[in-house]
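Asks: Input: one structure, supplied below.
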Amino acid sequence: MNAVTQLSAGISALLLIAVFPLEAFLIDRPWVQKFLGIQPNGLENVHLWSFCIGARNALVGISTLIGLWLVNYGDETTGTTLVIASCTYMLLASLFMGAADLLGYWRPRGGSKKGTLASSVLPALALIALAIQAR
């Protein structure tokens, strides 16, 4: 697995793991709301979902790091498969966030642009770099 794929996947994984406590435990803090681009109205109604999304993000981040470890120190095929599956999940999840915004589920509408872009670029880059390497 090439360096671009490993760095892109690894940085994306670390970012998801770092954001987990914000989504899961600190969502009621104004600075977290600003960082995540969400409004404070009705947080008590969505904290369950923000906790679950944060946990899923942390788990996919951990699975990516395990895959990268396997690529370098274990079974390369298994590790590559895990990295591909994890990066695909990351990319699709970020695109669904953008789709939710387009459907009007994000408040304020258009508020997910920064997050969608930020969370999709690195996994997409990892997958593209891996595809180029496989040619």
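Simple scheme: letters A, B, ... for chains in structure tokens order, numbers from 1 for residues in each chain, numbers from 1 for ligands in the order shown.
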Identify, on the basis of only C-alpha atoms, every residue whose closest approach to A:Ala118 does not exceed 12 Å; exclude the query and any residue fewer than 5 positions from it along the same chain; express the result as a list in words.
Replies: Ser8, Ile11, Ser12, Leu15, Leu16, Leu36, Met90, Leu91, Ser94, Leu95, Met97, Gly98, Ser112, Lys113, Pro123, Ala124 and Leu125 of chain A
Asks: Write the residues of the selection above to a file with N, CA and C atoms, as an mmCIF file, in the first residue's frame.
Replies:
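File produced: part26.cif:
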```cif
data_model
loop_
_atom_site.group_PDB
_atom_site.id
_atom_site.type_symbol
_atom_site.label_atom_id
_atom_site.label_comp_id
_atom_site.auth_asym_id
_atom_site.auth_seq_id
_atom_site.Cartn_x
_atom_site.Cartn_y
_atom_site.Cartn_z
ATOM 1 N N SER A 8 -3.429 9.320 4.009
ATOM 2 C CA SER A 8 -4.803 9.823 3.893
ATOM 3 C C SER A 8 -5.751 9.043 4.787
ATOM 4 N N ILE A 11 -4.768 9.731 8.642
ATOM 5 C CA ILE A 11 -5.183 11.055 9.133
ATOM 6 C C ILE A 11 -6.701 11.108 9.273
ATOM 7 N N SER A 12 -7.404 10.569 8.300
ATOM 8 C CA SER A 12 -8.865 10.542 8.376
ATOM 9 C C SER A 12 -9.334 9.763 9.601
ATOM 10 N N LEU A 15 -8.703 11.793 12.789
ATOM 11 C CA LEU A 15 -9.678 12.888 12.910
ATOM 12 C C LEU A 15 -11.025 12.372 13.425
ATOM 13 N N LEU A 16 -11.469 11.241 12.898
ATOM 14 C CA LEU A 16 -12.742 10.689 13.356
ATOM 15 C C LEU A 16 -12.683 10.285 14.821
ATOM 16 N N LEU A 36 -18.862 21.977 14.848
ATOM 17 C CA LEU A 36 -19.623 20.999 14.070
ATOM 18 C C LEU A 36 -20.638 21.645 13.129
ATOM 19 N N MET A 90 -16.323 5.627 5.340
ATOM 20 C CA MET A 90 -16.115 7.049 5.651
ATOM 21 C C MET A 90 -16.627 7.935 4.511
ATOM 22 N N LEU A 91 -16.269 7.580 3.287
ATOM 23 C CA LEU A 91 -16.666 8.383 2.130
ATOM 24 C C LEU A 91 -18.181 8.381 1.957
ATOM 25 N N SER A 94 -19.974 10.415 4.655
ATOM 26 C CA SER A 94 -19.873 11.860 4.454
ATOM 27 C C SER A 94 -20.780 12.317 3.315
ATOM 28 N N LEU A 95 -20.895 11.500 2.281
ATOM 29 C CA LEU A 95 -21.796 11.857 1.179
ATOM 30 C C LEU A 95 -23.260 11.813 1.624
ATOM 31 N N MET A 97 -24.208 12.620 4.590
ATOM 32 C CA MET A 97 -24.378 13.859 5.347
ATOM 33 C C MET A 97 -24.724 14.998 4.383
ATOM 34 N N GLY A 98 -24.027 15.058 3.268
ATOM 35 C CA GLY A 98 -24.340 16.066 2.257
ATOM 36 C C GLY A 98 -25.728 15.878 1.675
ATOM 37 N N SER A 112 -23.801 21.768 6.258
ATOM 38 C CA SER A 112 -22.925 20.589 6.249
ATOM 39 C C SER A 112 -21.813 20.682 5.214
ATOM 40 N N LYS A 113 -21.768 21.755 4.443
ATOM 41 C CA LYS A 113 -20.775 21.838 3.358
ATOM 42 C C LYS A 113 -19.358 21.630 3.849
ATOM 43 N N PRO A 123 -10.654 10.198 2.737
ATOM 44 C CA PRO A 123 -10.957 8.813 2.344
ATOM 45 C C PRO A 123 -11.027 8.646 0.823
ATOM 46 N N ALA A 124 -11.533 9.646 0.123
ATOM 47 C CA ALA A 124 -11.572 9.570 -1.345
ATOM 48 C C ALA A 124 -10.158 9.534 -1.906
ATOM 49 N N LEU A 125 -9.281 10.369 -1.379
ATOM 50 C CA LEU A 125 -7.891 10.379 -1.826
ATOM 51 C C LEU A 125 -7.224 9.029 -1.577
#
```
Asks: Stretch 53-62 of chain A: which residues within 12 Å, counting only C-alpha atoms, same-chain residues fewer than 6 positions away excluded, as a ChimeraX atom specification?
Replies: /A:8-27,36,46-47,68-69,82-91,93-94,97,119,123
Asks: Could you dump the residues just selected with C-alpha atoms as a short mmCIF file (atom, residue, chain, number, x, y, z; two decimals), in the first residue's frame?
Replies:
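Once written, part-v3.cif looks like this:
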```
data_model
loop_
_atom_site.label_atom_id
_atom_site.label_comp_id
_atom_site.auth_asym_id
_atom_site.auth_seq_id
_atom_site.Cartn_x
_atom_site.Cartn_y
_atom_site.Cartn_z
CA SER A 8 -4.80 9.82 3.89
CA ALA A 9 -6.50 6.88 5.58
CA GLY A 10 -4.53 7.33 8.79
CA ILE A 11 -5.18 11.06 9.13
CA SER A 12 -8.87 10.54 8.38
CA ALA A 13 -9.04 7.82 11.03
CA LEU A 14 -7.34 9.98 13.64
CA LEU A 15 -9.68 12.89 12.91
CA LEU A 16 -12.74 10.69 13.36
CA ILE A 17 -11.42 9.32 16.63
CA ALA A 18 -10.61 12.86 17.84
CA VAL A 19 -14.10 14.14 17.01
CA PHE A 20 -15.81 11.28 18.86
CA PRO A 21 -15.77 12.90 22.32
CA LEU A 22 -17.12 16.13 20.83
CA GLU A 23 -20.11 14.40 19.23
CA ALA A 24 -20.70 11.94 22.06
CA PHE A 25 -20.06 13.90 25.24
CA LEU A 26 -19.50 17.61 24.54
CA ILE A 27 -22.25 18.34 22.01
CA LEU A 36 -19.62 21.00 14.07
CA VAL A 46 -30.63 14.50 19.02
CA HIS A 47 -27.98 13.68 21.62
CA LEU A 68 -2.96 0.02 8.44
CA TRP A 69 -1.15 -1.90 11.17
CA LEU A 82 -10.01 -3.47 6.05
CA VAL A 83 -8.63 -0.09 4.92
CA ILE A 84 -10.72 -0.20 1.71
CA ALA A 85 -13.90 -1.11 3.62
CA SER A 86 -13.26 1.57 6.26
CA CYS A 87 -12.45 4.34 3.76
CA THR A 88 -15.48 3.39 1.67
CA TYR A 89 -17.67 3.66 4.78
CA MET A 90 -16.12 7.05 5.65
CA LEU A 91 -16.67 8.38 2.13
CA ALA A 93 -21.16 8.39 5.32
CA SER A 94 -19.87 11.86 4.45
CA MET A 97 -24.38 13.86 5.35
CA SER A 119 -14.80 14.27 5.88
CA PRO A 123 -10.96 8.81 2.34
#
```
Asks: Using only C-alpha atoms, which of the listed residues (A:Thr78, A:Val121, A:Val71, A:Tyr105) sits closest to A:Asn2?
Replies: A:Val71
Asks: Taking only C-alpha atoms into account, which of A:Gly110, A:Phe96, A:Thr5, A:Asp28 comes nearest A:Asn41?
Replies: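 The closest residue to A:Asn41 is A:Asp28.
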